[in-house]
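Q: Just so it is clear, I am handing over protein.txt, which has compact mmCIF, C-alpha atoms.
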# COMPACT_ATOMS: atom_id res chain seq x y z
CA MET N 292 -7.76 -2.39 27.40
CA SER N 293 -7.66 -1.58 31.12
CA TYR N 294 -6.54 -5.11 31.99
CA ILE N 295 -3.39 -4.80 29.87
CA SER N 296 -0.46 -3.31 31.72
CA VAL N 297 1.45 -0.46 30.15
CA SER N 298 4.46 -2.76 29.81
CA LEU N 299 2.54 -5.46 27.94
CA ASN N 300 0.85 -2.91 25.70
CA ASN N 301 4.29 -1.55 24.82
CA ILE N 302 5.50 -5.07 23.96
CA ILE N 303 2.47 -5.64 21.72
CA ASN N 304 3.17 -2.41 19.87
CA ALA N 305 6.87 -3.26 19.59
CA VAL N 306 6.11 -6.68 18.08
CA LYS N 307 3.73 -5.18 15.53
CA LYS N 308 6.17 -2.45 14.57
CA ALA N 309 9.14 -4.80 14.26
CA SER N 310 7.18 -7.18 12.02
CA SER N 311 5.56 -4.57 9.81
CA ALA N 312 7.78 -5.44 6.84
CA LEU N 313 7.12 -9.17 7.23
CA SER N 314 3.57 -8.98 5.89
CA ARG N 315 4.89 -7.41 2.72
CA ASP N 316 7.68 -9.96 2.55
CA PHE N 317 5.15 -12.78 2.84
CA GLY N 318 3.28 -11.34 -0.12
CA GLU N 319 6.50 -11.48 -2.14
CA ILE N 320 7.61 -14.97 -1.17
CA GLU N 321 5.12 -16.74 -3.46
CA LYS N 322 6.79 -15.13 -6.46
CA LEU N 323 10.05 -16.83 -5.52
CA GLN N 324 8.81 -20.42 -5.15
CA SER N 325 10.31 -21.46 -8.50
CA SER N 326 13.78 -20.44 -7.29
CA VAL N 327 15.10 -22.43 -4.34
CA ARG N 328 18.08 -20.16 -3.88
CA GLY N 329 15.96 -17.07 -4.29
CA HIS N 330 13.39 -17.84 -1.64
CA ARG N 331 15.97 -19.09 0.84
CA GLU N 332 18.04 -15.94 0.52
CA PHE N 333 14.92 -13.80 0.72
CA THR N 334 13.80 -15.55 3.93
CA ALA N 335 17.26 -15.28 5.49
CA ALA N 336 17.32 -11.54 4.79
CA ALA N 337 13.81 -11.14 6.24
CA LEU N 338 14.89 -12.99 9.40
CA GLU N 339 17.95 -10.80 9.94
CA HIS N 340 15.91 -7.64 9.45
CA LEU N 341 13.30 -8.93 11.90
CA LYS N 342 15.89 -9.82 14.56
CA LYS N 343 17.43 -6.36 14.41
CA ALA N 344 14.05 -4.64 14.53
CA LEU N 345 12.90 -6.71 17.52
CA ARG N 346 16.07 -5.96 19.48
CA VAL N 347 15.70 -2.23 18.83
CA GLU N 348 11.99 -2.07 19.69
CA LEU N 349 12.12 -4.29 22.78
CA GLN N 350 15.14 -2.54 24.24
CA LYS N 351 13.34 0.77 23.90
CA ILE N 352 10.90 -0.64 26.45
CA ARG N 353 13.42 -2.16 28.86
CA PRO N 354 17.03 -1.22 28.03
CA ASP N 355 18.19 -3.25 31.04
CA TYR N 356 16.66 -6.50 29.74
CA ALA N 357 18.66 -8.68 27.35
CA VAL N 358 16.86 -9.84 24.20
CA VAL N 359 17.55 -13.58 23.99
CA MET N 360 16.80 -15.21 20.63
CA ASP N 361 16.36 -18.90 19.66
CA GLY N 362 19.25 -20.99 20.99
CA ASP N 363 21.05 -18.15 22.80
CA GLU N 364 22.17 -18.73 26.38
CA GLU N 365 19.71 -17.28 28.86
CA PRO N 366 20.97 -15.01 31.66
CA ALA N 367 19.80 -15.32 35.26
CA ALA N 368 18.67 -11.70 35.15
CA PRO N 369 15.25 -10.65 33.78
CA HIS N 370 15.12 -10.79 29.98
CA PHE N 371 13.01 -11.09 26.86
CA LEU N 372 12.96 -14.63 25.41
CA VAL N 373 12.16 -14.30 21.72
CA SER N 374 11.44 -16.61 18.81
CA PRO N 375 11.46 -14.14 15.93
CA PHE N 376 10.31 -16.54 13.23
CA ASP N 377 8.59 -19.65 14.59
CA GLY N 378 7.33 -21.59 11.56
CA MET N 379 9.89 -20.15 9.17
CA LEU N 380 9.61 -23.17 6.85
CA ASN N 381 5.92 -22.38 6.42
CA PHE N 382 6.80 -18.81 5.45
CA MET N 383 9.32 -20.07 2.90
CA HIS N 384 6.57 -22.14 1.25
CA GLY N 385 3.93 -19.42 1.28
CA ILE N 386 1.93 -20.94 4.16
CA ASP N 387 0.49 -18.37 6.57
CA ALA N 388 1.26 -20.29 9.80
CA PHE N 389 4.25 -18.49 11.32
CA ALA N 390 4.62 -16.22 14.32
CA LEU N 391 6.73 -13.96 16.46
CA SER N 392 6.78 -15.18 20.05
CA VAL N 393 7.94 -12.93 22.89
CA ALA N 394 8.03 -13.90 26.57
CA VAL N 395 9.17 -11.82 29.52
CA ILE N 396 11.21 -13.91 31.97
CA GLU N 397 11.71 -12.78 35.56
CA LYS N 398 13.00 -14.97 38.40
CA ASN N 399 12.91 -18.00 36.08
CA ALA N 400 9.17 -17.54 35.46
CA VAL N 401 7.26 -16.43 32.36
CA ILE N 402 5.33 -13.34 33.48
CA ALA N 403 4.09 -11.94 30.15
CA ALA N 404 3.64 -13.27 26.63
CA VAL N 405 2.79 -12.18 23.10
CA VAL N 406 2.31 -14.46 20.07
CA TYR N 407 1.65 -12.66 16.78
CA ASN N 408 1.03 -13.94 13.26
CA PRO N 409 1.75 -11.05 10.86
CA ALA N 410 0.14 -12.88 7.91
CA THR N 411 -3.28 -13.15 9.57
CA THR N 412 -2.81 -10.29 12.12
CA GLU N 413 -3.95 -12.66 14.89
CA LEU N 414 -2.38 -11.65 18.18
CA TYR N 415 -2.54 -13.46 21.52
CA PHE N 416 -1.30 -12.10 24.84
CA ALA N 417 -1.21 -12.93 28.53
CA GLU N 418 0.14 -11.75 31.83
CA LYS N 419 0.71 -14.04 34.78
CA GLY N 420 -2.40 -14.11 36.94
CA GLN N 421 -4.41 -11.90 34.57
CA GLY N 422 -5.75 -14.38 32.01
CA ALA N 423 -5.06 -14.94 28.32
CA PHE N 424 -6.65 -13.04 25.45
CA LYS N 425 -6.91 -12.76 21.69
CA GLU N 426 -6.76 -9.20 20.42
CA GLY N 427 -9.99 -7.83 18.98
CA PHE N 428 -10.84 -4.61 17.17
CA ARG N 429 -13.09 -3.30 19.94
CA ASN N 430 -13.05 -5.95 22.65
CA HIS N 431 -10.47 -8.60 23.40
CA GLU N 432 -11.57 -12.23 23.57
CA ARG N 433 -10.88 -14.04 26.85
CA LEU N 434 -9.32 -17.42 26.05
CA ARG N 435 -10.42 -20.72 27.59
CA VAL N 436 -9.15 -24.22 26.93
CA SER N 437 -11.63 -26.76 25.57
CA ALA N 438 -13.93 -28.82 27.78
CA ARG N 439 -13.53 -32.16 25.98
CA LYS N 440 -12.88 -35.07 28.31
CA GLU N 441 -12.26 -38.01 26.01
CA LEU N 442 -9.16 -38.50 23.88
CA GLY N 443 -11.32 -40.18 21.27
CA GLU N 444 -13.03 -36.83 20.68
CA ALA N 445 -9.90 -34.70 20.84
CA LEU N 446 -8.07 -32.86 18.09
CA VAL N 447 -4.37 -32.94 18.98
CA GLY N 448 -1.50 -30.95 17.54
CA ALA N 449 1.05 -33.73 17.23
CA GLU N 450 2.98 -36.01 14.90
CA ASP N 451 3.36 -38.85 17.40
CA SER N 452 2.12 -42.08 15.82
CA ALA N 453 1.36 -43.47 19.29
CA LEU N 454 -1.56 -41.04 19.45
CA GLN N 455 -3.02 -41.84 16.06
CA SER N 456 -5.43 -44.54 17.23
CA HIS N 457 -6.46 -42.70 20.41
CA ALA N 458 -7.39 -39.20 19.23
CA ALA N 459 -10.12 -38.02 16.88
CA GLY N 460 -7.44 -36.47 14.70
CA LEU N 461 -3.89 -35.14 14.60
CA ARG N 462 -2.78 -31.84 13.10
CA ILE N 463 0.75 -30.67 12.29
CA THR N 464 1.09 -26.96 11.55
CA GLY N 465 4.84 -26.51 11.87
CA CYS N 466 4.50 -23.59 14.30
CA VAL N 467 4.36 -24.66 17.94
CA SER N 468 3.68 -21.17 19.34
CA LEU N 469 0.50 -20.94 17.23
CA ASP N 470 -0.43 -24.50 18.23
CA LEU N 471 -0.20 -23.52 21.90
CA ALA N 472 -2.30 -20.44 21.21
CA ALA N 473 -4.86 -22.76 19.59
CA VAL N 474 -4.96 -24.89 22.77
CA ALA N 475 -5.49 -21.74 24.83
CA SER N 476 -8.32 -20.79 22.45
CA GLY N 477 -9.99 -24.21 22.64
CA LYS N 478 -9.46 -24.83 18.93
CA LEU N 479 -7.01 -27.64 19.61
CA ASP N 480 -7.66 -29.85 22.60
CA ALA N 481 -3.98 -30.58 23.17
CA VAL N 482 -0.47 -30.25 21.79
CA VAL N 483 2.27 -32.85 22.08
CA SER N 484 5.54 -31.63 20.61
CA GLN N 485 9.18 -32.64 21.00
CA GLY N 486 12.53 -30.96 20.52
CA ASN N 487 11.46 -27.33 20.55
CA GLN N 488 13.52 -24.28 21.39
CA ALA N 489 12.57 -22.70 24.72
CA ALA N 490 11.90 -19.42 22.91
CA SER N 491 9.25 -21.07 20.75
CA LEU N 492 7.45 -22.49 23.80
CA ALA N 493 7.64 -19.89 26.56
CA ALA N 494 4.96 -17.43 25.45
CA GLY N 495 2.54 -20.14 24.36
CA ILE N 496 2.93 -21.97 27.66
CA LEU N 497 1.76 -18.89 29.55
CA LEU N 498 -1.21 -18.54 27.19
CA VAL N 499 -2.28 -22.13 27.93
CA LYS N 500 -1.88 -21.83 31.69
CA GLU N 501 -3.70 -18.50 31.86
CA ALA N 502 -6.53 -20.01 29.77
CA GLY N 503 -7.01 -22.73 32.40
CA GLY N 504 -4.87 -25.44 30.83
CA VAL N 505 -2.04 -27.65 32.06
CA VAL N 506 1.50 -27.92 30.75
CA TYR N 507 3.88 -30.81 31.41
CA ASP N 508 7.27 -31.96 30.36
CA GLN N 509 6.47 -35.07 28.38
CA HIS N 510 8.32 -37.39 30.78
CA GLN N 511 8.09 -35.63 34.15
CA LYS N 512 7.22 -38.07 36.91
CA ASP N 513 5.05 -35.89 39.15
CA ILE N 514 2.33 -34.03 37.22
CA ARG N 515 0.48 -32.62 40.22
CA THR N 516 2.12 -29.30 39.36
CA ALA N 517 3.69 -27.91 36.20
CA ASP N 518 7.46 -28.06 35.82
CA ILE N 519 7.92 -25.28 33.29
CA ALA N 520 11.68 -25.21 33.76
CA ALA N 521 11.84 -28.87 32.69
CA VAL N 522 9.63 -28.18 29.65
CA LEU N 523 11.77 -25.28 28.51
CA SER N 524 14.95 -27.27 29.11
CA SER N 525 13.86 -30.42 27.27
CA GLY N 526 11.68 -28.79 24.62
CA ASN N 527 9.22 -31.69 25.00
CA VAL N 528 5.75 -30.41 25.88
CA ILE N 529 2.27 -31.69 26.61
CA ALA N 530 -0.28 -28.87 26.78
CA ALA N 531 -3.99 -29.56 27.20
CA ASN N 532 -7.07 -28.96 29.29
CA PRO N 533 -6.89 -30.35 32.87
CA VAL N 534 -8.76 -33.55 32.00
CA LEU N 535 -6.94 -34.54 28.82
CA GLY N 536 -3.47 -33.55 30.07
CA PRO N 537 -3.07 -36.43 32.55
CA LYS N 538 -4.56 -38.90 30.04
CA LEU N 539 -2.03 -37.91 27.38
CA HIS N 540 0.81 -38.06 29.90
CA ALA N 541 -0.23 -41.58 30.99
CA LEU N 542 -0.56 -42.74 27.38
CA LEU N 543 2.89 -41.47 26.41
CA ASN N 544 4.60 -42.86 29.51
CA LYS N 545 3.32 -46.45 29.50
Would you mind writing the file's structure down as structure tokens?
A:
Amino acid sequence: MSYISVSLNNIINAVKKASSALSRDFGEIEKLQSSVRGHREFTAAALEHLKKALRVELQKIRPDYAVVMDGDEEPAAPHFLVSPFDGMLNFMHGIDAFALSVAVIEKNAVIAAVVYNPATTELYFAEKGQGAFKEGFRNHERLRVSARKELGEALVGAEDSALQSHAAGLRITGCVSLDLAAVASGKLDAVVSQGNQAASLAAGILLVKEAGGVVYDQHQKDIRTADIAAVLSSGNVIAANPVLGPKLHALLNK
């Protein structure tokens, strides 16, 4: 673990600790499926507990950094940008595709990221300039985006009907942070997703970029470089390997 900074290691441990009760809660949620009110109240209580725990654990690491949750106004100063429960609807229905997403923002840039699924214990992390990884028991797996070059062979995380006839297949998981982690891992070839909260995108964006991928705002005019600020502002993201990214952008901006 020598390539993980002390700060990032502390964030990983904080995320795991804060979400420790969520695995148990997920085991209980299936028992409540027959009661709409019951499982909604249960999920709301789990979310509030998780928010409080994340604030406590993250501010132990950096008391001077604000912890900004989904939809909160972001300060200009360095801060944690957190989506505590990306894919909450999946959790409510007993589907194990949900995640905690934590990004460290400094000088308007994402410099560190953690995406963690408590149900499967899959954890992804990255630091700017240091690569992206999936946590392993003994050794961590270096992440690389896929090498596919043709849209007709690509598996895309999207619900855009305009892509249906161009890609090999579309997948909708309901958790964009995990979808971005899948692009970084080469499991998905691309993600096209609209209307997301910045907190749900920030950590996954760094994973993709550190795994060798490209990230665009869906409608940015110049794609020679990433415009992460525009992506986080609009919530409309294209993330892919460097060959498929421009092809998807051209297709969606005809």
Q: List the spatial neighbours of segment 369-380 of chain N as a PyMOL selection string - criterion: any atom at most 9 Å away, all atoms listed in the file, same-chain residues fewer than 2 positions off excluded.
A: chain N and resi 334+338+341-342+345+349+353+355-361+365-367+382-386+388-399+464-469+488-494
Q: At what distance in Å, to one decimal, does atom CA of Ala472 of chain N lie from atom CA of Asn408 of chain N?
A: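 Atom CA of Asn408 of chain N sits 10.8 Å away from atom CA of Ala472 of chain N.
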Q: Go through N:Val406, N:Ala368, N:Ala305, N:Ile320 and flag the residue nearest Ala344 of chain N, using all atoms listed in the file for the distances.
A: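 For Ala344 of chain N, the nearest of the candidates is N:Ala305.
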Q: Please indicate the distance in Å from atom CA of Ala475 of chain N to atom CA of Val405 of chain N, rounded to one decimal place.
A: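 Computing it gives 12.8 Å between the two atoms.
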Q: Rounded to one decimal place, report the atom CA of Val522 of chain N-atom CA of Val297 of chain N distance in Å.
A: 28.9 Å
Q: For Ala403 of chain N, which residue among N:Glu501, N:Glu348, N:Asp480, N:Glu332 is the nearest when counting all atoms listed in the file?
A: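 Of all the options, N:Glu501 lies closest to Ala403 of chain N.
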Q: With all atoms listed in the file as the atoms that count, which of N:Lys440, N:Ala335, N:Asp508, N:Tyr407 lies nearest to Glu426 of chain N?
A: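 Looking at the shortest contact to Glu426 of chain N, the residue is N:Tyr407.
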Q: Show which residues sit within 8 Å of Arg433 of chain N, as a list in words. Count all atoms listed in the file, and ignore same-chain residues fewer than 6 positions away.
A: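 Surrounding residues, per the criterion: Gly422, Ala423, Phe424, Lys425 and Ala502 of chain N.
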Q: May I ask which of the residues N:Lys500, N:Arg331, N:Lys512, N:Arg429 is the closest one to Leu471 of chain N, counting only C-alpha atoms?
A: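 Of N:Lys500, N:Arg331, N:Lys512, N:Arg429, the one nearest Leu471 of chain N is N:Lys500, counting only C-alpha atoms.
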Q: If I wrap all listed atoms of segment 357-371 of chain N in a box with edges along x, y and z and add 6 Å on each side, what are its centre and edge lengths in Å to one decimal, as AutoDock Vina command-line options?
A:
--center_x 17.6 --center_y -14.8 --center_z 27.5 --size_x 21.2 --size_y 24.3 --size_z 27.6
Q: Give me the residues within 12 Å of Lys538 of chain N as a PyMOL selection string, counting all atoms listed in the file and dropping any in the same chain fewer than 3 places off.
A: chain N and resi 439-443+445+454+457-458+481+505+507+509+514+529-535+541-545
Q: Which residue, N:His540, N:Gly486, N:Val506, N:Asp451, has the smallest gap to Asp518 of chain N when you use all atoms listed in the file?
A: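 Going through N:His540, N:Gly486, N:Val506, N:Asp451 one by one, the smallest distance to Asp518 of chain N is for N:Val506.
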